[in-house]
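Working notes, beginning with the structure itself.
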Amino acid sequence: METTAEVLNDTFATDVIEGLSSTPKFLSSKYFYDEKGDAIFQQIMDMPSYYLTKSEHEIFNTHKQALLSLFSDRQQAFHLIEFGAGDGMKTKVLLEHFLQQKACFRYLPIDISENVLSILVNDLEINFPGLEVEPLANEYFEALDILNEQQRTERKIILFLGSNIGNFLHNEAIEFLRQMRKHLRPDDLLLIGFDLKKDPQIILDAYNDKEGITRNFNLNLLDRINAAFDGNFDTSQFIHSPTYNPLTGATKSYLVSTKDQEVTLERLGKTFKFEAWEAIDMEISQKYSLSNIEHLAKQAGFEVMSNFFDKNKNFVDSVWTMK
Ligand SMILES: C[S@@+](CC[C@H](N)C(=O)[O-])C[C@H]1O[C@@H](n2cnc3c(N)ncnc32)[C@H](O)[C@@H]1O
């Protein structure tokens with residue numbers, strides 16, 4: 001058992017303390033993904049209303065050869081590096097095609113969740129025995145730093161799928177992409193999946209299912225905090241409240257305290273007060289227009305090379321090169 005001082009050294013602990021001590025309160029959505037969170041996210045992706053996964057799957061199915069031609073125009077070797085790979089469900093469409101085409105590549109999935117990464121690697125070993133896989137259980141740039149230190153010569157193709165970029169505020173996204181640029185060489189490419197602005201009701205339905213799966217996904221982070229820090233969050237006293245602002249394109253998820261209450265995290269020696277109807281800001285899922293995407297690329301020092309859409313134009317996979 002760690003001492004309180006050791007627990008406080010932990011980034012999860014310091015992030016939780018910072019978020020719950022702030023006004024307004026917030027928690028980072030990157031902590032959604034423990035073993036249970038990974039499993040709930042699988043259920044979310046299977047929901048009929050969660051169009052994001054289905055749209056990107058369709059894009060890869062339709063455009064896999066065009067993507068391979070961009071990634072390896074002169075048959076050169078490349079490293080397919082995926083940020084936040086998760087279960088790799090859509091990526092497998094590309095992997096299968098690239099193997100069939102005898103492309104010279106290696107797949108490097110990066111994920112902070114060791115659990116999801118080991119499930120993915122086992123699955124790939126069984127279903128794609130010829131594939132070279134190098135998993136990296138780490139934060140995005142820490143993993144990229146390790147690769148860069150090894151001075152590899154292969155072209156890097158970075159995949160950042162599933163609208164993960166939407167989990168950043170605009171300024172954070174620019175900062176993240178500028179940092180990405182510093183890790184790349186001029187010949188490398190970046191493929192980012194963006195969720196597009198659309199009928200607000202379609203967006204709200206994806207984040208507010210009647211079955212309460214998205215609600216459970218959010219509440220699971222309170223359970224995770226309870227388990228890690230001997231806490232007493234009562235999840236029945238919080239409701240899940242998503243919003244979409246068509247002006248800014250921001251979909252936000254909040255957990256709202258239904259009464260005045262105090263929550264103690266024993267192992268951190270901290271108590272946090274909640275007023276009735278006070279919210280915790282849990283997640284942003286930013287939606288983009290094509291001009292927003294052009295603008296973002298330019299601000300971060302990239303250029304849009306090609307855009308690939310699903311037939312309903314719900315989603316775009318945008319391939320960027322360095323400017
Ligand atoms: C929304 S899921 C998306 C999974 C997959 N890319 C897809 O499109 O279906 C986000 C994944 O990113 C991982 N992740 C989140 N923040 C991360 C970070 N800072 N570094 C590494 N992985 C991260 C999570 O563990 C999770 O598996």
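For the structure tokens, the naming scheme is as follows: chains receive sequential letters (A, B, ...) according to their order of presentation, residues are indexed from 1 within each chain, and ligands are indexed from 1 in presentation order.
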Item to complete: Residues within 7 Å of ligand 1 should be enumerated using only C-alpha atoms and all ligand atoms and returned as a ChimeraX atom specification.
Response: /A:30,33,38,53,83-90,110-113,116,138-140,160-164
May I have the residues from that selection written out with N, CA and C atoms, as a PDB file, in the first residue's frame?
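Result file selection.pdb:
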```
ATOM      1  N   LYS A  30      -9.186  11.881 -20.091  1.00  0.00           N
ATOM      2  CA  LYS A  30      -8.228  10.798 -20.374  1.00  0.00           C
ATOM      3  C   LYS A  30      -8.290   9.725 -19.290  1.00  0.00           C
ATOM      4  N   TYR A  33     -10.572   5.896 -19.146  1.00  0.00           N
ATOM      5  CA  TYR A  33     -10.246   4.586 -19.729  1.00  0.00           C
ATOM      6  C   TYR A  33      -9.491   3.661 -18.778  1.00  0.00           C
ATOM      7  N   ASP A  38     -12.883   1.138 -20.596  1.00  0.00           N
ATOM      8  CA  ASP A  38     -12.607   0.600 -21.942  1.00  0.00           C
ATOM      9  C   ASP A  38     -13.807  -0.217 -22.428  1.00  0.00           C
ATOM     10  N   THR A  53     -18.025   6.176 -35.034  1.00  0.00           N
ATOM     11  CA  THR A  53     -17.251   4.970 -35.352  1.00  0.00           C
ATOM     12  C   THR A  53     -17.668   4.404 -36.706  1.00  0.00           C
ATOM     13  N   PHE A  83      -2.095   7.121 -32.308  1.00  0.00           N
ATOM     14  CA  PHE A  83      -2.278   7.778 -31.009  1.00  0.00           C
ATOM     15  C   PHE A  83      -3.625   7.355 -30.424  1.00  0.00           C
ATOM     16  N   GLY A  84      -3.640   6.779 -29.212  1.00  0.00           N
ATOM     17  CA  GLY A  84      -4.903   6.405 -28.559  1.00  0.00           C
ATOM     18  C   GLY A  84      -5.613   5.327 -29.361  1.00  0.00           C
ATOM     19  N   ALA A  85      -4.907   4.212 -29.614  1.00  0.00           N
ATOM     20  CA  ALA A  85      -5.409   3.199 -30.555  1.00  0.00           C
ATOM     21  C   ALA A  85      -6.704   2.523 -30.095  1.00  0.00           C
ATOM     22  N   GLY A  86      -6.920   2.412 -28.790  1.00  0.00           N
ATOM     23  CA  GLY A  86      -8.125   1.734 -28.307  1.00  0.00           C
ATOM     24  C   GLY A  86      -8.159   0.303 -28.814  1.00  0.00           C
ATOM     25  N   ASP A  87      -9.328  -0.152 -29.277  1.00  0.00           N
ATOM     26  CA  ASP A  87      -9.431  -1.545 -29.743  1.00  0.00           C
ATOM     27  C   ASP A  87      -9.021  -1.688 -31.214  1.00  0.00           C
ATOM     28  N   GLY A  88      -8.649  -0.585 -31.856  1.00  0.00           N
ATOM     29  CA  GLY A  88      -8.144  -0.627 -33.235  1.00  0.00           C
ATOM     30  C   GLY A  88      -9.164  -1.136 -34.247  1.00  0.00           C
ATOM     31  N   MET A  89     -10.431  -1.068 -33.887  1.00  0.00           N
ATOM     32  CA  MET A  89     -11.467  -1.676 -34.726  1.00  0.00           C
ATOM     33  C   MET A  89     -11.438  -1.148 -36.174  1.00  0.00           C
ATOM     34  N   LYS A  90     -11.347   0.165 -36.319  1.00  0.00           N
ATOM     35  CA  LYS A  90     -11.348   0.740 -37.671  1.00  0.00           C
ATOM     36  C   LYS A  90      -9.981   0.590 -38.326  1.00  0.00           C
ATOM     37  N   ILE A 110      -0.171   3.322 -29.762  1.00  0.00           N
ATOM     38  CA  ILE A 110       0.167   3.963 -28.479  1.00  0.00           C
ATOM     39  C   ILE A 110      -1.131   4.111 -27.699  1.00  0.00           C
ATOM     40  N   ASP A 111      -1.147   3.683 -26.454  1.00  0.00           N
ATOM     41  CA  ASP A 111      -2.320   3.949 -25.616  1.00  0.00           C
ATOM     42  C   ASP A 111      -1.908   3.996 -24.155  1.00  0.00           C
ATOM     43  N   ILE A 112      -2.525   4.917 -23.450  1.00  0.00           N
ATOM     44  CA  ILE A 112      -2.272   5.080 -22.011  1.00  0.00           C
ATOM     45  C   ILE A 112      -2.882   3.908 -21.233  1.00  0.00           C
ATOM     46  N   SER A 113      -3.874   3.225 -21.836  1.00  0.00           N
ATOM     47  CA  SER A 113      -4.529   2.101 -21.162  1.00  0.00           C
ATOM     48  C   SER A 113      -3.820   0.794 -21.548  1.00  0.00           C
ATOM     49  N   VAL A 116      -6.387  -2.002 -22.664  1.00  0.00           N
ATOM     50  CA  VAL A 116      -6.917  -2.030 -24.036  1.00  0.00           C
ATOM     51  C   VAL A 116      -5.815  -2.416 -25.032  1.00  0.00           C
ATOM     52  N   ASN A 138       1.882   4.156 -23.179  1.00  0.00           N
ATOM     53  CA  ASN A 138       2.451   5.413 -22.694  1.00  0.00           C
ATOM     54  C   ASN A 138       1.557   6.582 -23.093  1.00  0.00           C
ATOM     55  N   GLU A 139       1.899   7.764 -22.595  1.00  0.00           N
ATOM     56  CA  GLU A 139       1.279   9.005 -23.068  1.00  0.00           C
ATOM     57  C   GLU A 139       1.804   9.253 -24.486  1.00  0.00           C
ATOM     58  N   TYR A 140       1.020   9.991 -25.280  1.00  0.00           N
ATOM     59  CA  TYR A 140       1.346  10.168 -26.704  1.00  0.00           C
ATOM     60  C   TYR A 140       2.795  10.588 -26.957  1.00  0.00           C
ATOM     61  N   PHE A 160      -4.564   9.687 -35.799  1.00  0.00           N
ATOM     62  CA  PHE A 160      -5.213  10.212 -34.581  1.00  0.00           C
ATOM     63  C   PHE A 160      -6.711  10.196 -34.885  1.00  0.00           C
ATOM     64  N   LEU A 161      -7.335   9.055 -34.577  1.00  0.00           N
ATOM     65  CA  LEU A 161      -8.674   8.767 -35.117  1.00  0.00           C
ATOM     66  C   LEU A 161      -9.792   9.058 -34.117  1.00  0.00           C
ATOM     67  N   GLY A 162     -11.016   8.731 -34.557  1.00  0.00           N
ATOM     68  CA  GLY A 162     -12.170   8.700 -33.647  1.00  0.00           C
ATOM     69  C   GLY A 162     -12.541  10.042 -33.065  1.00  0.00           C
ATOM     70  N   SER A 163     -12.067  11.144 -33.687  1.00  0.00           N
ATOM     71  CA  SER A 163     -12.353  12.480 -33.162  1.00  0.00           C
ATOM     72  C   SER A 163     -11.713  12.707 -31.789  1.00  0.00           C
ATOM     73  N   ASN A 164     -10.622  11.980 -31.507  1.00  0.00           N
ATOM     74  CA  ASN A 164      -9.893  12.206 -30.245  1.00  0.00           C
ATOM     75  C   ASN A 164      -9.415  13.654 -30.140  1.00  0.00           C
TER      76      ASN A 164
END
```
Item to complete: Extract the full set of alpha helix (DSSP H) residues from segment 252-313 of chain A according to DSSP on the backbone, and format it as a list of chain:residue names.
Response: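 So the alpha helix (DSSP H) residues in segment 252-313 of chain A would be A:Leu290, A:Ser291, A:Asn292, A:Ile293, A:Glu294, A:His295, A:Leu296, A:Ala297, A:Lys298, A:Gln299.
Taking atom CA of Glu154 of chain A as the reference point, atom CA of Phe60 of chain A is found at 22.9 Å.
Between atom CA of Arg224 of chain A and atom CA of Glu35 of chain A the separation is 9.9 Å.
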Discussion item. Ranking A:Val93, A:Ser49, A:Leu290, A:Asp230 by minimum distance to Lys270 of chain A and counting only C-alpha atoms, which one comes first?
Written reply: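 Under the stated criterion, the closest residue is A:Asp230.
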Worksheet item: From the set A:Ala13, A:Asn245, A:Met45, A:Ala250, which residue has the shortest atom-to-atom contact distance to Ala227 of chain A, counting only C-alpha atoms?
Response: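 The closest residue to Ala227 of chain A is A:Ala13.
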Worksheet entry | Option closest in space to Arg155 of chain A, from A:Gln75, A:Gln101, A:Phe141, A:Ile126 [counting only C-alpha atoms] |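 Of A:Gln75, A:Gln101, A:Phe141, A:Ile126, the one nearest Arg155 of chain A is A:Gln75, counting only C-alpha atoms.
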Discussion item. Just want the 12 Å neighbourhood of Ile40 of chain A, counted on only C-alpha atoms, with same-chain residues fewer than 6 positions away dropped. Output as a VMD selection string.
Written reply: chain A and resid 32 to 34 46 to 47 116 212 to 221
C-alpha atoms of the current selection, written as a tab-separated table (two decimals), in the first residue's frame:
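Wrote it out as out_0.tsv, contents follow:
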```tsv
chain	number	residue	atom	x	y	z
A	32	PHE	CA	-12.21	7.53	-18.40
A	33	TYR	CA	-10.25	4.59	-19.73
A	34	ASP	CA	-9.65	2.01	-17.01
A	46	ASP	CA	-21.84	-0.18	-30.76
A	47	MET	CA	-24.76	2.19	-30.07
A	116	VAL	CA	-6.92	-2.03	-24.04
A	212	GLY	CA	-27.63	5.40	-20.02
A	213	ILE	CA	-24.40	3.94	-21.44
A	214	THR	CA	-22.75	7.37	-21.83
A	215	ARG	CA	-23.97	8.26	-18.36
A	216	ASN	CA	-22.28	5.13	-16.95
A	217	PHE	CA	-19.11	6.00	-18.86
A	218	ASN	CA	-18.95	9.37	-17.07
A	219	LEU	CA	-19.95	8.03	-13.65
A	220	ASN	CA	-17.31	5.30	-13.92
A	221	LEU	CA	-14.66	7.97	-13.43
```
